[in-house]
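What follows is upload_32.txt (compact mmCIF, C-alpha atoms and all ligand atoms).
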```
# COMPACT_ATOMS: atom_id res chain seq x y z
CA MET A 1 152.24 139.84 57.19
CA VAL A 2 149.74 142.67 57.17
CA GLY A 3 149.43 144.39 53.75
CA TYR A 4 150.21 143.00 50.33
CA ALA A 5 150.90 145.87 47.92
CA PHE A 6 154.37 146.81 46.66
CA MET A 7 156.21 146.37 49.97
CA GLY A 8 154.19 143.30 50.86
CA ALA A 9 155.26 141.70 47.59
CA ALA A 10 158.90 142.70 48.09
CA HIS A 11 158.92 141.33 51.65
CA SER A 12 157.14 138.14 50.58
CA GLN A 13 159.76 137.51 47.94
CA ALA A 14 162.43 137.86 50.62
CA TRP A 15 160.62 135.59 53.09
CA ARG A 16 160.28 132.96 50.37
CA THR A 17 163.96 133.14 49.53
CA VAL A 18 165.80 133.68 52.77
CA ASN A 19 166.11 130.06 53.96
CA ARG A 20 166.95 128.83 50.47
CA VAL A 21 169.94 131.15 50.24
CA TYR A 22 171.22 131.47 53.78
CA ASP A 23 171.91 128.76 56.29
CA LEU A 24 169.99 130.14 59.27
CA PRO A 25 169.38 128.90 62.82
CA ALA A 26 165.60 129.08 62.22
CA ARG A 27 163.22 128.31 59.37
CA VAL A 28 160.59 130.76 58.20
CA ARG A 29 157.03 129.55 57.69
CA MET A 30 154.84 132.01 55.81
CA ALA A 31 151.76 131.35 57.93
CA ALA A 32 149.28 134.06 57.03
CA ILE A 33 148.79 137.27 55.12
CA CYS A 34 146.18 139.82 56.07
CA GLY A 35 144.31 142.53 54.16
CA ARG A 36 140.85 144.10 54.19
CA ASP A 37 139.53 142.81 50.87
CA PRO A 38 138.80 139.04 51.11
CA GLU A 39 139.22 138.32 47.39
CA LYS A 40 142.36 140.37 46.94
CA VAL A 41 144.04 138.99 50.04
CA ALA A 42 143.20 135.41 49.01
CA ASP A 43 144.74 136.11 45.63
CA ALA A 44 147.80 137.70 47.30
CA ALA A 45 148.24 134.66 49.56
CA ASP A 46 148.21 132.40 46.53
CA ARG A 47 150.48 134.59 44.40
CA LEU A 48 152.98 135.49 47.12
CA GLY A 49 153.21 132.09 48.78
CA TRP A 50 151.35 132.43 52.09
CA GLU A 51 149.59 129.46 53.71
CA SER A 52 146.43 131.35 54.62
CA ALA A 53 144.64 134.65 54.07
CA MET A 54 142.90 136.68 56.76
CA THR A 55 140.95 139.94 56.81
CA ASP A 56 141.33 140.95 60.48
CA TRP A 57 144.82 141.71 61.71
CA ARG A 58 143.67 141.34 65.33
CA GLU A 59 142.82 137.69 64.62
CA LEU A 60 146.20 137.26 62.98
CA ILE A 61 147.96 138.60 66.06
CA ALA A 62 145.87 136.35 68.30
CA ARG A 63 147.11 133.20 66.55
CA ASP A 64 149.43 131.05 68.70
CA ASP A 65 151.32 129.71 65.70
CA ILE A 66 152.49 133.17 64.67
CA ASP A 67 155.73 134.46 66.19
CA LEU A 68 156.49 137.46 64.02
CA VAL A 69 154.32 140.13 62.41
CA ASP A 70 155.56 141.99 59.33
CA VAL A 71 153.74 145.34 59.01
CA CYS A 72 153.57 146.46 55.36
CA THR A 73 150.51 148.72 55.54
CA PRO A 74 150.33 152.50 54.93
CA GLY A 75 151.77 154.53 57.80
CA ASP A 76 148.44 155.36 59.45
CA SER A 77 148.12 151.81 60.82
CA HIS A 78 151.76 151.07 61.71
CA ALA A 79 151.45 152.18 65.34
CA GLU A 80 148.19 150.41 66.14
CA ILE A 81 149.20 147.07 64.61
CA THR A 82 152.74 147.19 65.97
CA LEU A 83 151.70 148.08 69.51
CA ALA A 84 149.13 145.27 69.54
CA ALA A 85 151.63 142.77 68.12
CA LEU A 86 154.33 143.66 70.65
CA ALA A 87 151.81 143.49 73.49
CA ALA A 88 150.90 139.98 72.30
CA GLY A 89 154.58 138.98 72.45
CA LYS A 90 155.16 138.88 68.68
CA HIS A 91 158.41 140.03 67.11
CA VAL A 92 157.75 142.90 64.69
CA LEU A 93 159.22 144.05 61.41
CA CYS A 94 157.64 147.41 60.56
CA GLU A 95 158.07 149.15 57.21
CA LYS A 96 159.53 152.64 57.05
CA PRO A 97 158.93 155.34 58.00
CA LEU A 98 158.18 153.84 61.41
CA ALA A 99 155.10 155.99 61.96
CA ASN A 100 153.19 159.04 60.78
CA THR A 101 154.12 161.19 63.78
CA VAL A 102 156.88 161.50 66.37
CA ALA A 103 154.35 160.76 69.13
CA GLU A 104 153.46 157.41 67.52
CA ALA A 105 157.12 156.58 66.91
CA ARG A 106 157.93 157.36 70.56
CA ALA A 107 155.13 155.08 71.77
CA MET A 108 156.32 152.29 69.46
CA THR A 109 159.92 152.69 70.61
CA ALA A 110 158.89 152.62 74.26
CA ALA A 111 156.77 149.50 73.63
CA ALA A 112 159.68 147.85 71.81
CA ALA A 113 161.93 148.50 74.80
CA VAL A 114 159.41 146.91 77.17
CA ALA A 115 158.96 143.92 74.83
CA GLN A 116 162.71 143.56 74.44
CA ALA A 117 163.03 142.82 78.15
CA ALA A 118 160.86 139.75 77.46
CA GLY A 119 162.97 138.70 74.48
CA VAL A 120 160.66 140.16 71.84
CA ARG A 121 162.56 141.81 68.97
CA SER A 122 161.65 144.66 66.67
CA MET A 123 163.15 146.15 63.56
CA CYS A 124 162.27 148.89 61.06
CA GLY A 125 162.51 148.13 57.33
CA PHE A 126 165.16 150.50 56.04
CA ASN A 127 166.20 147.94 53.42
CA TYR A 128 168.88 150.01 51.66
CA ARG A 129 171.21 149.49 54.63
CA ARG A 130 171.40 145.90 53.39
CA VAL A 131 172.64 146.60 49.89
CA PRO A 132 176.14 145.05 50.13
CA ALA A 133 177.83 148.19 48.76
CA VAL A 134 176.09 150.32 51.41
CA THR A 135 177.04 147.95 54.21
CA MET A 136 180.60 147.98 52.92
CA MET A 137 180.54 151.78 52.81
CA GLN A 138 179.52 151.83 56.46
CA GLN A 139 182.31 149.40 57.36
CA LEU A 140 184.97 151.45 55.56
CA VAL A 141 183.83 154.62 57.33
CA ALA A 142 183.75 152.83 60.70
CA ASP A 143 187.29 151.52 60.03
CA GLY A 144 188.43 155.14 59.65
CA ARG A 145 189.26 154.83 55.96
CA LEU A 146 187.71 158.22 55.17
CA GLY A 147 189.27 159.96 58.19
CA THR A 148 187.19 162.83 59.49
CA ILE A 149 183.87 163.14 57.66
CA ARG A 150 183.36 166.64 56.28
CA HIS A 151 180.51 166.37 53.76
CA VAL A 152 177.50 164.18 53.13
CA ARG A 153 175.54 164.68 49.91
CA ALA A 154 172.37 162.64 49.55
CA VAL A 155 169.57 162.59 46.99
CA TYR A 156 166.59 160.31 46.48
CA LEU A 157 164.67 161.23 43.34
CA GLN A 158 161.57 159.81 41.67
CA ASP A 159 159.14 161.18 39.05
CA TRP A 160 155.96 159.12 39.29
CA ILE A 161 153.65 162.09 40.04
CA VAL A 162 155.01 164.64 37.55
CA ASP A 163 151.74 164.34 35.59
CA PRO A 164 149.17 166.61 37.32
CA GLN A 165 146.48 164.10 36.26
CA PHE A 166 148.05 161.36 38.36
CA PRO A 167 145.35 160.61 40.93
CA LEU A 168 145.21 161.37 44.61
CA VAL A 169 146.52 158.04 45.94
CA TRP A 170 147.06 157.40 49.65
CA ARG A 171 150.72 158.38 49.45
CA LEU A 172 149.57 161.95 48.68
CA GLN A 173 147.33 162.19 51.76
CA LYS A 174 148.87 163.29 55.05
CA ASP A 175 146.40 161.42 57.25
CA LYS A 176 147.41 158.15 55.57
CA ALA A 177 151.07 158.65 54.69
CA GLY A 178 152.27 161.16 57.29
CA SER A 179 154.24 163.14 54.72
CA GLY A 180 155.13 162.93 51.04
CA ALA A 181 158.50 162.56 49.38
CA LEU A 182 160.02 163.53 52.73
CA GLY A 183 158.84 160.51 54.74
CA ASP A 184 158.62 158.04 51.88
CA ILE A 185 162.04 158.44 50.29
CA GLY A 186 163.72 161.20 52.31
CA ALA A 187 163.49 158.85 55.30
CA HIS A 188 165.68 156.35 53.44
CA ILE A 189 168.54 158.79 52.85
CA ILE A 190 168.28 160.12 56.40
CA ASP A 191 168.63 156.59 57.77
CA LEU A 192 171.25 155.58 55.26
CA THR A 193 173.53 158.55 55.93
CA GLN A 194 173.18 158.27 59.71
CA PHE A 195 173.99 154.56 59.38
CA VAL A 196 176.97 155.03 57.08
CA THR A 197 178.57 157.91 58.97
CA GLY A 198 177.64 156.84 62.49
CA GLN A 199 176.64 160.48 63.00
CA ARG A 200 173.23 161.80 63.96
CA ILE A 201 171.54 164.70 62.18
CA ALA A 202 171.55 167.39 64.86
CA GLY A 203 169.75 170.23 63.09
CA VAL A 204 168.24 171.20 59.73
CA SER A 205 167.12 174.12 57.59
CA ALA A 206 164.55 173.05 55.02
CA VAL A 207 162.20 173.93 52.22
CA THR A 208 159.34 171.73 51.15
CA GLU A 209 157.03 172.21 48.18
CA THR A 210 153.76 170.81 46.87
CA PHE A 211 153.83 171.62 43.17
CA VAL A 212 150.44 170.15 42.26
CA LYS A 213 147.94 171.03 44.94
CA GLU A 214 144.79 169.29 43.64
CA ARG A 215 144.55 165.92 41.96
CA PRO A 216 141.80 163.73 40.53
CA LEU A 217 140.13 161.42 43.00
CA THR A 218 140.36 157.68 42.34
CA ALA A 219 138.01 154.82 42.96
CA GLY A 220 140.75 152.99 44.85
CA SER A 221 143.96 154.44 46.20
CA THR A 222 146.64 151.84 45.86
CA GLY A 223 149.94 153.60 46.13
CA LEU A 224 152.22 153.95 43.14
CA ALA A 225 150.06 152.37 40.44
CA ALA A 226 146.57 153.76 40.81
CA GLY A 227 143.65 153.32 38.44
CA GLY A 228 142.70 156.32 36.29
CA PRO A 229 140.55 159.20 37.49
CA THR A 230 136.87 158.49 38.14
CA GLY A 231 134.33 159.73 35.55
CA ASP A 232 134.87 160.96 31.98
CA THR A 233 134.18 164.68 31.92
CA GLU A 234 133.94 166.58 35.20
CA VAL A 235 136.57 164.87 37.30
CA ALA A 236 136.28 165.42 41.02
CA THR A 237 139.52 166.50 42.63
CA GLY A 238 140.89 166.61 46.15
CA PRO A 239 143.75 168.45 47.87
CA VAL A 240 147.26 167.02 48.01
CA THR A 241 148.15 167.34 51.68
CA VAL A 242 151.80 166.26 51.61
CA ASP A 243 155.03 167.60 50.15
CA ASP A 244 156.06 166.71 46.61
CA ALA A 245 159.67 167.59 47.38
CA ALA A 246 161.83 168.34 50.42
CA VAL A 247 165.30 169.89 50.33
CA PHE A 248 167.40 170.58 53.40
CA VAL A 249 170.84 171.28 54.74
CA ALA A 250 171.92 169.65 57.97
CA ARG A 251 174.63 169.52 60.59
CA LEU A 252 175.67 166.09 61.84
CA ASP A 253 176.71 165.68 65.45
CA GLY A 254 180.22 164.52 64.47
CA GLY A 255 180.93 167.81 62.70
CA ALA A 256 179.97 166.99 59.10
CA VAL A 257 177.71 169.25 57.03
CA ALA A 258 175.16 167.64 54.74
CA THR A 259 172.65 168.30 51.99
CA TYR A 260 169.54 166.23 51.27
CA GLU A 261 167.05 166.28 48.43
CA ALA A 262 163.95 164.08 48.17
CA SER A 263 161.57 164.60 45.28
CA ARG A 264 158.83 162.91 43.30
CA PHE A 265 159.13 165.59 40.63
CA ALA A 266 162.62 164.87 39.30
CA THR A 267 161.55 164.17 35.72
CA GLY A 268 163.40 161.17 34.33
CA ARG A 269 164.65 159.98 37.70
CA LYS A 270 162.76 156.78 38.46
CA ASN A 271 164.31 155.62 41.72
CA ALA A 272 167.61 157.46 41.91
CA LEU A 273 169.26 157.25 45.31
CA ARG A 274 172.83 158.56 45.53
CA VAL A 275 174.98 159.23 48.55
CA GLU A 276 178.47 160.71 48.58
CA VAL A 277 180.62 161.05 51.69
CA ASN A 278 183.80 163.15 51.66
CA GLY A 279 186.34 162.69 54.44
CA SER A 280 189.82 163.99 55.18
CA LEU A 281 191.32 160.74 53.78
CA GLY A 282 188.98 159.89 50.93
CA THR A 283 185.53 159.74 49.39
CA LEU A 284 182.91 157.02 48.97
CA VAL A 285 179.99 157.15 46.57
CA PHE A 286 176.96 154.85 46.32
CA ASP A 287 174.47 155.05 43.46
CA LEU A 288 171.42 152.75 43.56
CA GLU A 289 171.28 152.60 39.76
CA ARG A 290 174.65 150.82 39.98
CA LEU A 291 174.03 149.05 43.24
CA ASN A 292 176.70 146.39 42.82
CA GLU A 293 179.38 149.07 42.82
CA LEU A 294 181.07 151.34 45.29
CA GLU A 295 183.19 154.27 44.15
CA TYR A 296 186.23 154.92 46.32
CA TYR A 297 188.79 157.69 46.23
CA ASP A 298 191.69 156.87 48.54
CA ALA A 299 193.65 160.05 49.27
CA THR A 300 196.30 158.11 51.21
CA ARG A 301 197.69 156.58 48.02
CA PRO A 302 200.72 158.23 46.34
CA ALA A 303 199.51 161.41 44.61
CA ALA A 304 200.38 160.08 41.17
CA GLU A 305 198.14 157.01 41.69
CA GLN A 306 195.12 158.73 43.18
CA GLY A 307 191.79 158.55 41.38
CA PHE A 308 188.30 157.12 41.82
CA SER A 309 188.20 153.35 41.72
CA ARG A 310 185.10 151.26 41.10
CA ILE A 311 184.82 148.31 43.48
CA LEU A 312 182.53 145.57 42.21
CA VAL A 313 180.92 144.46 45.47
CA THR A 314 180.26 140.84 44.44
CA GLU A 315 183.13 138.95 46.07
CA GLY A 316 182.35 136.17 48.53
CA ASP A 317 183.90 138.19 51.33
CA HIS A 318 181.81 141.26 50.64
CA PRO A 319 178.80 141.72 52.98
CA TYR A 320 175.96 139.24 52.33
CA MET A 321 177.54 137.99 49.09
CA SER A 322 178.92 134.61 50.14
CA ALA A 323 175.53 132.96 49.68
CA TRP A 324 174.80 134.33 46.22
CA TRP A 325 176.55 133.84 42.90
CA PRO A 326 180.21 133.68 41.82
CA PRO A 327 182.05 137.06 41.74
CA GLY A 328 180.75 139.42 39.07
CA HIS A 329 177.27 137.86 38.94
CA LEU A 330 175.14 140.79 39.96
CA ILE A 331 172.33 141.17 42.46
CA GLY A 332 169.44 143.69 42.55
CA TYR A 333 166.88 145.67 44.53
CA GLU A 334 165.04 142.65 45.89
CA HIS A 335 168.14 141.21 47.51
CA SER A 336 168.26 144.03 50.05
CA PHE A 337 165.01 142.64 51.48
CA THR A 338 166.36 139.08 51.62
CA HIS A 339 169.37 140.41 53.53
CA GLN A 340 167.00 142.26 55.87
CA MET A 341 165.09 139.04 56.62
CA ARG A 342 168.36 137.15 57.07
CA ASP A 343 169.55 139.59 59.73
CA LEU A 344 166.17 139.63 61.45
CA VAL A 345 165.77 135.84 61.58
CA GLU A 346 169.33 135.43 62.79
CA ALA A 347 168.90 138.05 65.52
CA ILE A 348 165.67 136.44 66.74
CA ALA A 349 167.19 132.96 66.77
CA LEU A 350 170.32 134.14 68.56
CA GLY A 351 168.38 136.31 71.02
CA VAL A 352 170.00 139.62 70.07
CA ASP A 353 168.53 142.91 68.89
CA PRO A 354 168.37 143.51 65.16
CA ALA A 355 169.09 146.89 63.55
CA PRO A 356 167.74 149.34 62.60
CA SER A 357 165.90 149.39 65.91
CA PHE A 358 162.74 151.34 66.55
CA ALA A 359 164.97 153.87 68.35
CA ASP A 360 166.98 154.29 65.12
CA ALA A 361 163.72 154.77 63.24
CA LEU A 362 162.49 157.28 65.85
CA GLN A 363 165.71 159.21 65.21
CA VAL A 364 164.70 159.39 61.53
CA GLN A 365 161.17 160.43 62.51
CA LEU A 366 162.57 163.28 64.62
CA VAL A 367 164.48 164.52 61.57
CA LEU A 368 161.31 164.34 59.43
CA GLU A 369 159.50 166.41 62.04
CA ALA A 370 162.35 168.94 62.22
CA VAL A 371 162.34 169.32 58.42
CA GLU A 372 158.61 170.05 58.44
CA ARG A 373 159.02 172.46 61.36
CA SER A 374 161.84 174.33 59.64
CA ALA A 375 159.98 174.53 56.33
CA ARG A 376 156.89 175.86 58.12
CA LEU A 377 158.98 178.59 59.76
CA GLY A 378 160.54 179.88 56.54
CA SER A 379 163.56 177.53 56.68
CA SER A 380 164.65 178.66 60.14
CA TRP A 381 167.09 176.35 61.94
CA ALA A 382 165.39 173.37 63.63
CA GLU A 383 167.28 171.31 66.20
CA VAL A 384 166.81 167.52 66.28
CA GLU A 385 166.89 165.92 69.71
CA PRO A 386 168.54 162.52 70.29
CA ALA A 387 165.86 159.81 70.12
CA LEU A 388 166.71 157.96 73.27
CA ALA A 389 166.54 161.11 75.36
CA SER A 390 162.93 161.49 74.27
CA VAL A 391 161.56 158.04 75.10
CA ALA A 392 160.11 157.31 78.50
CA VAL A 393 160.14 153.54 78.95
C1 LIG A 401 157.67 154.61 46.72
O1 LIG A 401 158.18 155.87 46.60
C2 LIG A 401 158.70 153.59 47.17
O2 LIG A 401 158.11 152.35 46.98
C3 LIG A 401 159.08 153.72 48.63
O3 LIG A 401 157.96 153.62 49.48
C4 LIG A 401 160.09 152.66 48.96
O4 LIG A 401 160.48 152.73 50.30
C5 LIG A 401 161.29 152.84 48.04
O5 LIG A 401 162.23 151.85 48.30
C6 LIG A 401 160.88 152.77 46.61
O6 LIG A 401 159.85 153.69 46.37
```
Is it possible to give me this structure as structure tokens?
Ligand code: SOE
Amino acid sequence: MVGYAFMGAAHSQAWRTVNRVYDLPARVRMAAICGRDPEKVADAADRLGWESAMTDWRELIARDDIDLVDVCTPGDSHAEITLAALAAGKHVLCEKPLANTVAEARAMTAAAAVAQAAGVRSMCGFNYRRVPAVTMMQQLVADGRLGTIRHVRAVYLQDWIVDPQFPLVWRLQKDKAGSGALGDIGAHIIDLTQFVTGQRIAGVSAVTETFVKERPLTAGSTGLAAGGPTGDTEVATGPVTVDDAAVFVARLDGGAVATYEASRFATGRKNALRVEVNGSLGTLVFDLERLNELEYYDATRPAAEQGFSRILVTEGDHPYMSAWWPPGHLIGYEHSFTHQMRDLVEAIALGVDPAPSFADALQVQLVLEAVERSARLGSSWAEVEPALASVAV
């Protein structure tokens, strides 16, 4: 694994757990974790359960005993590390969004296609696909239970930078993060809705906003939980170069119309992801704050019996649930990562391609780019090309 902050910890937890919960055709060995600071990475190795700590990812990739590289760094190093790992014949799990630009995502997708021919697998870490209720939602839509999809309504809301004194961490710098709320959390609802509906976002009209344009500089920039501003009196500031919020309408290629909202300024909303899909035969609703549940309105039932029902997605025959606890014993955020590792390990062992692929993630990246393009041009309509048409292998 390269990187050991929030996502590194979440992934480590999943790597530690996956073989204890699922009966898999391969066993995971947590060989090495890599980060720039020798003391911090040694501490992370100890805390998170890795056998060794390294400070140079190139040396990590060169190791013969490493088969898979999990990229959990900020977006500005995803492409370089991933391309090197694939070239060295290592399977890759890369955190979302896949890259900081469409050009990088295209190069990574092309490299993944070349590597795939040699049996090397790659996957992008859109973990919310693996929440059992979301997977079940996708299955119900694929089974035609909603009929023709008319509407998709998706929000992902956080509030961790509402305070203008919150420092200028890497997630607020375009050269490091690629974009702001759009790429960090908007990417999740773009992927999730394309996954659930099986439809691709074909075009968008968007607004983006940066509410607080200057923020205090920090000594270290460590993502969500940064240290306080440097100095006591005159605090140096720097420009915020990403969006704080992105809102857009979209057309999906199967005929649905959709609305999306991603914000880090939704006061009181800590990590509120909600997706509603309305079809000609019913509606499905997923709300991350109640992630064990799926709301279902079945319009094919007799009129007198129609109404929203709450399905508790904890039965043994619900997706991923057979290995966990008896029905009604709930799971949480971290389990989505364990499910992700389960699917990846299984795919590698069976010699098949895991999903979401880099091509799926490139499709998300193309939407991110279209949203930024539209917002730049006063919300004018921006078409989104199909990912595979844009990759030269
Ligand atoms: C920060 O906004 C963040 O950690 C995202 O980067 C994750 O992808 C999301 O799952 C939770 O919030």
Legend entry - Residues within 8 Å of ligand LIG 401 (chain A), counting all atoms listed in the file, as number ranges by chain: A: 6-7, 96, 126-128, 158, 181, 184-185, 188, 223-224, 264, 271
Pull the closest atom pair for each residue of stretch 169-198 of chain A that gets at most 10 Å from stretch 369-380 of chain A, along with the distance in Å to one decimal, counting only C-alpha atoms, ordering rows by chain and then ascending residue number, as a tab-separated table.
```
residue	atom	partner	partner_atom	distance
A:Ser179	CA	A:Glu372	CA	9.0
A:Leu182	CA	A:Val371	CA	8.4
A:Gly183	CA	A:Glu369	CA	9.4
```
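Closest approach to A:His339 from the set A:Val21, A:Ala359, A:Ala154, A:Ala5 is made by A:Val21, with distances taken over only C-alpha atoms.
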Which residues of stretch 72-126 of chain A sit at most 12 Å from stretch 34-43 of chain A, using only C-alpha atoms? Give each one's shortest atom pair and distance in Å (one decimal place), in chain and ascending residue order, as CSV.
```
residue,atom,partner,partner_atom,distance
A:Cys72,CA,A:Cys34,CA,10.0
A:Thr73,CA,A:Gly35,CA,8.9
A:Pro74,CA,A:Gly35,CA,11.7
A:Ile81,CA,A:Cys34,CA,11.6
```
Within 12 Å of A:Tyr320 using only C-alpha atoms, minus same-chain residues under 2 positions, as a PDB file with C-alpha atoms, keeping the file's coordinate frame:
```
ATOM      1  CA  VAL A  18     165.800 133.680  52.770  1.00  0.00           C
ATOM      2  CA  VAL A  21     169.940 131.150  50.240  1.00  0.00           C
ATOM      3  CA  TYR A  22     171.220 131.470  53.780  1.00  0.00           C
ATOM      4  CA  ASP A  23     171.910 128.760  56.290  1.00  0.00           C
ATOM      5  CA  ARG A 129     171.210 149.490  54.630  1.00  0.00           C
ATOM      6  CA  ARG A 130     171.400 145.900  53.390  1.00  0.00           C
ATOM      7  CA  VAL A 131     172.640 146.600  49.890  1.00  0.00           C
ATOM      8  CA  PRO A 132     176.140 145.050  50.130  1.00  0.00           C
ATOM      9  CA  ALA A 133     177.830 148.190  48.760  1.00  0.00           C
ATOM     10  CA  VAL A 134     176.090 150.320  51.410  1.00  0.00           C
ATOM     11  CA  THR A 135     177.040 147.950  54.210  1.00  0.00           C
ATOM     12  CA  MET A 136     180.600 147.980  52.920  1.00  0.00           C
ATOM     13  CA  ASN A 292     176.700 146.390  42.820  1.00  0.00           C
ATOM     14  CA  VAL A 313     180.920 144.460  45.470  1.00  0.00           C
ATOM     15  CA  THR A 314     180.260 140.840  44.440  1.00  0.00           C
ATOM     16  CA  GLU A 315     183.130 138.950  46.070  1.00  0.00           C
ATOM     17  CA  GLY A 316     182.350 136.170  48.530  1.00  0.00           C
ATOM     18  CA  ASP A 317     183.900 138.190  51.330  1.00  0.00           C
ATOM     19  CA  HIS A 318     181.810 141.260  50.640  1.00  0.00           C
ATOM     20  CA  SER A 322     178.920 134.610  50.140  1.00  0.00           C
ATOM     21  CA  ALA A 323     175.530 132.960  49.680  1.00  0.00           C
ATOM     22  CA  TRP A 324     174.800 134.330  46.220  1.00  0.00           C
ATOM     23  CA  TRP A 325     176.550 133.840  42.900  1.00  0.00           C
ATOM     24  CA  ILE A 331     172.330 141.170  42.460  1.00  0.00           C
ATOM     25  CA  HIS A 335     168.140 141.210  47.510  1.00  0.00           C
ATOM     26  CA  SER A 336     168.260 144.030  50.050  1.00  0.00           C
ATOM     27  CA  PHE A 337     165.010 142.640  51.480  1.00  0.00           C
ATOM     28  CA  THR A 338     166.360 139.080  51.620  1.00  0.00           C
ATOM     29  CA  HIS A 339     169.370 140.410  53.530  1.00  0.00           C
ATOM     30  CA  GLN A 340     167.000 142.260  55.870  1.00  0.00           C
ATOM     31  CA  MET A 341     165.090 139.040  56.620  1.00  0.00           C
ATOM     32  CA  ARG A 342     168.360 137.150  57.070  1.00  0.00           C
ATOM     33  CA  ASP A 343     169.550 139.590  59.730  1.00  0.00           C
TER      34      ASP A 343
END
```
Quick one: axis-aligned box around all listed atoms of stretch 358-372 of chain A, 5 Å on every side, centre and edge lengths in Å to one decimal, written as JSON.
```
{"center_x": 162.8, "center_y": 160.7, "center_z": 63.4, "size_x": 18.4, "size_y": 28.7, "size_z": 19.9}
```
Inset, instruction - Mind checking which residues fall within 7 Å of A:Leu273, counting all atoms listed in the file, ignoring those fewer than 5 positions away in the same chain, and posting them as a count of residues only? - result: 5
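The protein and nucleic acid residues lying at most 8 Å from A:Val367 are Ile190, Ile201, Gly203, Val204, Gln363, Val371 and Val384 of chain A, with all atoms listed in the file considered and sequence neighbours fewer than 4 positions away removed.
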